[in-house]
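Engineer: The structure is given below, and queries will be raised subsequently.
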Amino acid sequence: MRTFTSIGFGLFVYVAAFGQAQALQSFEVADVHPSPRATALPFRVFSYGSRYEIHNATMVDLIRTAYTVDEYKILGGPNWIEYDRFDIIAKVPPNTGREALKPMLRALLIERFNLQVHNGTEPVLVLALTLGKGKLKMKESDESGEEGCHRQIIPSPLINLSCHNITMEEFAAGLKTLAGEYVPKFVMDSTGLKGGWDFDLKFTPYERISAPGSGGISLSNAIDQQLGLKLEQHQLPADVLIVESVNRKPTDNSPDIDAKLPPSPPAEFEVASIKPAAADDRRRPLTLGVLPGGIVQFGPNSLKELVSAAWNLNLADEIPGASKWLDSALFYITAKVPRSLVPENGGPSLQELAPELQALLKDRFKMEVHFEDRQVSAHTLVVTKPKLKSADPSIRTRCKNIAQGGGVVTPSGFYLPARLVTCQNMTISQLAEQLQILAPDTIRYPVVDVTGLDGGWDFSFTFDPPMLKDINNRTVGLDPYAPAGTTILKAVETLGLKLDAQKRSYPVMVIDHIEQKPTDN
């Protein structure tokens with residue numbers, strides 16, 4: 001039997017003087033406030049000039065950023081530290097490097113949240129790469145040629161990793177990036193193999209592994225069958241950071257904080273080209289890809305799709321003041337994203353570029369809009385016969401949303417898996433906040449909780465993607481393995497709750513003017 005050692009990664013960071021924030025250099029000034037609740041935007045870090053921004057960060061995100069520690073090795077603390085999210089905007093000396101920002105963030109957490117932590121050694125659950133029982137199916141590298149793993153999609157469709165002259169330590173460390181949701185934790189190399197290795201690894205993408213009839217191969221099975229190794233969970237002692245205490249509410253910002261902060265960069269593309277699509281061009285799903293040099297491309301898409309993305313509207317809704325041609329005229333857009341708009345921890349999402357898309361549509365299509373309160377059909381969460389389990393109040397509040405069997409298959413064969421939502425120590429009010437994020441096509445407006453249920457609860461439910469319309473306005477059929485389909489509305493009923501649709505006043509965007517032809521490039 002292989003013996004596993006403890007995991008130590010130099011985690012013993014500067015905590016000796018915790019409680020003495022003056023030992024760390026602070027931000028010149030900082031605005032700290034809760035993030036908007038109904039958002040699916042990820043944790044993001046921006047830095048440009050003397051302005052440093054963090055958005056949608058949990059306290060765990062802030063701690064792991066400030067102390068360079070993996071998320072799974074942050075233990076202890078109150079139950080909200082993986083749920084509540086915060087935005088931070090700070091002024092720093094120009095051109096401050098990333099490493100120099102970390103002690104400033106540590107000082108802020110101590111000063112504004114009264115964060116107290118200490119180092120320790122505790123057992124944690126990790127994935128370990130070990131030798132299998134049979135023969136190795138990899139080739140020792142001759143150490144020539146380019147080193148590393150390259151990932152590509154091949155027609156099967158499988159993910160194909162082609163690796164050359166890579167050590168097992170490098171391979172284990174890279175699996176979290178290479179294999180997506182299969183690897184939520186750090187992978188430890190316990191193979192004992194030295195030197196570089198050559199191999200190919202083919203496995204089914206995580207989001208397709210549960211598709212009925214997919215005949216897929218999981219990452220762990222692929223590693224076993226194709227490499228002769230094992231990828232298994234083990235509980236091992238590790239150097240950890242233990243949160244002793246932290247305040248849920250930060251200290252107040254100074255009254256004149258806005259005047260003290262550096263100005264934010266203009267929310268607009270540096271340059272953009274808009275071209276009408278040809279008569280026989282078929283529209284594509286509205287997605288965002290950032291190419292080298294900060295180039296983003298849309299299209300061909302209708303103006304209704306672009307307007308809906310820019311203002312976070314539902315495509316199924318009628319837009320007051322919109323002409324019929326808004327959904328028929330198609331355009332290609334190519335734009336350049338300013339460096340200041342690209343997060344340090346990943347490319348910008350479509351939602352993050354919404355302000356820039358708004359500015360472009362207003363400028364090039366002479367678009368004018370306003371918001372006014374109108375009656376809409378919104379949902380209220382009520383209680384019927386609750387089927388919920390009381391939670392341990394000391395357990396962290398969190399929800400996992402992962403792919404599950406069943407789901408929807410589009411006419412083009414694209415599989416949209418059902419979602420399994422598993423929540424622990426979640427209040428019903430917090431569930432109401434999450435429903436719009438989980439199913440925005442069905443839950444279009446914030447949900448009001450009138451259940452009267454207090455305390456934290458553990459529960460889980462599964463739902464299918466909504467019945468969508470494809471680009472030819474055909475209804476997407478549910479997979480034959482899930483003929484009835486489980487909407488988010490039905491899923492909530494399995495908890496002994498119900499979403500009632502009721503008329504409610506809500507701000508609605510109205511188009512006052514929009515030109516059918518954009519101004520020239």
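Note on naming: chains are A, B, ... as they come in the structure tokens, residues start from 1 per chain, ligands start from 1 in the order shown.
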Please provide as a PyMOL selection string all residues within 9 Å of A:Tyr72, with the sequence filter that same-chain residues fewer than 2 positions apart are discarded (counting only C-alpha atoms).

Structural biologist: chain A and resi 69-70+74-75+124-126+185-186+240

Engineer: For all heavy atoms, I'd like the residues from the last selection saved as a PDB file, in the first residue's frame.

Structural biologist:
```pdb
ATOM      1  N   VAL A  69      -3.529  31.164  -1.002  1.00  0.00           N
ATOM      2  CA  VAL A  69      -3.812  29.846  -0.446  1.00  0.00           C
ATOM      3  C   VAL A  69      -4.994  29.248  -1.203  1.00  0.00           C
ATOM      4  O   VAL A  69      -5.919  29.961  -1.593  1.00  0.00           O
ATOM      5  CB  VAL A  69      -4.108  29.941   1.070  1.00  0.00           C
ATOM      6  CG1 VAL A  69      -5.194  30.940   1.351  1.00  0.00           C
ATOM      7  CG2 VAL A  69      -4.476  28.586   1.648  1.00  0.00           C
ATOM      8  N   ASP A  70      -4.958  27.928  -1.443  1.00  0.00           N
ATOM      9  CA  ASP A  70      -6.064  27.269  -2.131  1.00  0.00           C
ATOM     10  C   ASP A  70      -7.333  27.333  -1.297  1.00  0.00           C
ATOM     11  O   ASP A  70      -7.298  27.242  -0.058  1.00  0.00           O
ATOM     12  CB  ASP A  70      -5.716  25.801  -2.428  1.00  0.00           C
ATOM     13  CG  ASP A  70      -4.630  25.662  -3.472  1.00  0.00           C
ATOM     14  OD1 ASP A  70      -4.702  26.369  -4.482  1.00  0.00           O
ATOM     15  OD2 ASP A  70      -3.713  24.856  -3.275  1.00  0.00           O
ATOM     16  N   ILE A  74      -8.804  26.712   3.419  1.00  0.00           N
ATOM     17  CA  ILE A  74      -9.273  27.770   4.315  1.00  0.00           C
ATOM     18  C   ILE A  74     -10.388  27.184   5.163  1.00  0.00           C
ATOM     19  O   ILE A  74     -11.489  26.899   4.670  1.00  0.00           O
ATOM     20  CB  ILE A  74      -9.771  28.991   3.521  1.00  0.00           C
ATOM     21  CG1 ILE A  74      -8.652  29.558   2.641  1.00  0.00           C
ATOM     22  CG2 ILE A  74     -10.295  30.074   4.467  1.00  0.00           C
ATOM     23  CD1 ILE A  74      -9.101  30.642   1.691  1.00  0.00           C
ATOM     24  N   LEU A  75     -10.127  26.948   6.418  1.00  0.00           N
ATOM     25  CA  LEU A  75     -11.064  26.262   7.303  1.00  0.00           C
ATOM     26  C   LEU A  75     -11.597  27.214   8.360  1.00  0.00           C
ATOM     27  O   LEU A  75     -11.039  28.285   8.598  1.00  0.00           O
ATOM     28  CB  LEU A  75     -10.370  25.072   7.981  1.00  0.00           C
ATOM     29  CG  LEU A  75      -9.676  24.049   7.064  1.00  0.00           C
ATOM     30  CD1 LEU A  75      -9.096  22.906   7.900  1.00  0.00           C
ATOM     31  CD2 LEU A  75     -10.641  23.517   6.011  1.00  0.00           C
ATOM     32  N   VAL A 124      -7.524  17.278   5.168  1.00  0.00           N
ATOM     33  CA  VAL A 124      -8.394  17.815   4.121  1.00  0.00           C
ATOM     34  C   VAL A 124      -8.577  16.754   3.050  1.00  0.00           C
ATOM     35  O   VAL A 124      -7.733  15.871   2.861  1.00  0.00           O
ATOM     36  CB  VAL A 124      -7.805  19.097   3.495  1.00  0.00           C
ATOM     37  CG1 VAL A 124      -7.716  20.211   4.515  1.00  0.00           C
ATOM     38  CG2 VAL A 124      -6.443  18.837   2.887  1.00  0.00           C
ATOM     39  N   LEU A 125      -9.686  16.836   2.342  1.00  0.00           N
ATOM     40  CA  LEU A 125      -9.986  15.889   1.283  1.00  0.00           C
ATOM     41  C   LEU A 125      -9.384  16.386  -0.017  1.00  0.00           C
ATOM     42  O   LEU A 125      -9.670  17.493  -0.467  1.00  0.00           O
ATOM     43  CB  LEU A 125     -11.504  15.735   1.129  1.00  0.00           C
ATOM     44  CG  LEU A 125     -11.997  14.532   0.325  1.00  0.00           C
ATOM     45  CD1 LEU A 125     -11.613  13.227   0.998  1.00  0.00           C
ATOM     46  CD2 LEU A 125     -13.519  14.607   0.145  1.00  0.00           C
ATOM     47  N   VAL A 126      -8.507  15.583  -0.640  1.00  0.00           N
ATOM     48  CA  VAL A 126      -7.857  15.973  -1.881  1.00  0.00           C
ATOM     49  C   VAL A 126      -7.970  14.835  -2.883  1.00  0.00           C
ATOM     50  O   VAL A 126      -8.283  13.688  -2.536  1.00  0.00           O
ATOM     51  CB  VAL A 126      -6.364  16.311  -1.672  1.00  0.00           C
ATOM     52  CG1 VAL A 126      -6.199  17.450  -0.709  1.00  0.00           C
ATOM     53  CG2 VAL A 126      -5.584  15.086  -1.193  1.00  0.00           C
ATOM     54  N   LYS A 185     -10.746  20.269  -6.787  1.00  0.00           N
ATOM     55  CA  LYS A 185      -9.738  20.429  -5.759  1.00  0.00           C
ATOM     56  C   LYS A 185      -8.339  20.259  -6.336  1.00  0.00           C
ATOM     57  O   LYS A 185      -8.167  19.803  -7.460  1.00  0.00           O
ATOM     58  CB  LYS A 185      -9.946  19.391  -4.642  1.00  0.00           C
ATOM     59  CG  LYS A 185     -11.313  19.447  -3.956  1.00  0.00           C
ATOM     60  CD  LYS A 185     -11.435  18.352  -2.932  1.00  0.00           C
ATOM     61  CE  LYS A 185     -12.811  18.368  -2.256  1.00  0.00           C
ATOM     62  NZ  LYS A 185     -13.064  19.593  -1.513  1.00  0.00           N
ATOM     63  N   PHE A 186      -7.363  20.588  -5.519  1.00  0.00           N
ATOM     64  CA  PHE A 186      -5.967  20.348  -5.874  1.00  0.00           C
ATOM     65  C   PHE A 186      -5.735  18.845  -6.065  1.00  0.00           C
ATOM     66  O   PHE A 186      -6.311  18.026  -5.352  1.00  0.00           O
ATOM     67  CB  PHE A 186      -5.071  20.881  -4.761  1.00  0.00           C
ATOM     68  CG  PHE A 186      -3.640  20.455  -4.867  1.00  0.00           C
ATOM     69  CD1 PHE A 186      -2.768  21.139  -5.708  1.00  0.00           C
ATOM     70  CD2 PHE A 186      -3.167  19.381  -4.146  1.00  0.00           C
ATOM     71  CE1 PHE A 186      -1.446  20.750  -5.805  1.00  0.00           C
ATOM     72  CE2 PHE A 186      -1.844  18.993  -4.236  1.00  0.00           C
ATOM     73  CZ  PHE A 186      -0.982  19.681  -5.075  1.00  0.00           C
ATOM     74  N   VAL A 240      -2.936  24.428   6.657  1.00  0.00           N
ATOM     75  CA  VAL A 240      -4.181  25.143   6.375  1.00  0.00           C
ATOM     76  C   VAL A 240      -4.159  26.512   7.055  1.00  0.00           C
ATOM     77  O   VAL A 240      -3.318  26.794   7.916  1.00  0.00           O
ATOM     78  CB  VAL A 240      -5.409  24.347   6.858  1.00  0.00           C
ATOM     79  CG1 VAL A 240      -5.510  23.024   6.126  1.00  0.00           C
ATOM     80  CG2 VAL A 240      -5.358  24.112   8.369  1.00  0.00           C
TER      81      VAL A 240
END
```

Engineer: Counting only C-alpha atoms, which residues in stretch 259-370 of chain A sit no more than 10 Å from stretch 90-114 of chain A? For each one, give the nearest pair of atoms and the distance in Å, sorted by chain then residue number, as JSON lines.

Structural biologist:
```
{"residue": "A:Lys260", "atom": "CA", "partner": "A:Lys91", "partner_atom": "CA", "distance": 8.1}
{"residue": "A:Leu261", "atom": "CA", "partner": "A:Lys91", "partner_atom": "CA", "distance": 5.8}
{"residue": "A:Pro262", "atom": "CA", "partner": "A:Lys91", "partner_atom": "CA", "distance": 6.5}
{"residue": "A:Pro263", "atom": "CA", "partner": "A:Lys91", "partner_atom": "CA", "distance": 9.9}
{"residue": "A:Glu344", "atom": "CA", "partner": "A:Arg98", "partner_atom": "CA", "distance": 9.6}
```

Engineer: Please determine, counting only C-alpha atoms, which residue among A:Thr427, A:Phe461, A:Lys387, A:Pro518 has the shortest atom-to-atom distance to A:Phe331.

Structural biologist: A:Pro518

Engineer: Pick the closest to A:Pro300 from A:Ala277, A:Ile242, A:Leu313, A:Leu231: which is it, counting only C-alpha atoms?

Structural biologist: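 Looking at the shortest contact to A:Pro300, the residue is A:Ala277.
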
Engineer: Considering only C-alpha atoms, can you say which of A:Glu368, A:Asp280, A:Asp258, A:Glu352 comes closest to A:Ala310?

Structural biologist: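 Of A:Glu368, A:Asp280, A:Asp258, A:Glu352, the one nearest A:Ala310 is A:Glu352, counting only C-alpha atoms.
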
Engineer: For each of A:Met138, A:Leu330, A:Ile437, A:Ile295, take the minimum atom-to-atom distance to A:Ile166, counting only C-alpha atoms, then give the residue where this is smallest.

Structural biologist: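 Among the listed residues, the smallest separation from A:Ile166 belongs to A:Met138.
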
Engineer: Could you pull out the strand (DSSP E or B) residues of stretch 130-366 of chain A, going by DSSP on the backbone, and write them as JSON, numbers by chain?

Structural biologist: {"A": [130, 131, 139, 140, 148, 149, 150, 151, 152, 153, 154, 158, 159, 160, 161, 162, 163, 164, 165, 166, 187, 188, 189, 197, 198, 199, 200, 201, 202, 203, 229, 230, 231, 232, 233, 234, 235, 236, 237, 238, 239, 240, 241, 242, 243, 244, 245, 271, 272, 273, 274, 275, 276, 290, 291, 295, 296, 297, 298, 299, 300, 301, 302, 330, 331, 332, 333, 334, 335, 336]}

Engineer: Closest to A:Gly216 among A:Thr422, A:Leu158, A:Pro265, A:Leu229, using only C-alpha atoms?

Structural biologist: A:Leu158

Engineer: Please determine, counting only C-alpha atoms, which residue among A:Tyr445, A:Ser141, A:Thr487, A:Leu161 has the shortest atom-to-atom distance to A:Lys194.

Structural biologist: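 Result for the nearest residue to A:Lys194: A:Ser141.
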
Engineer: Determine which residues of stretch 85-188 of chain A DSSP labels as helix (DSSP H, G or I) from the backbone of this structure, then write them out as an MDAnalysis selection string.

Structural biologist: chainID A and resid 98:113 168:178 180:182
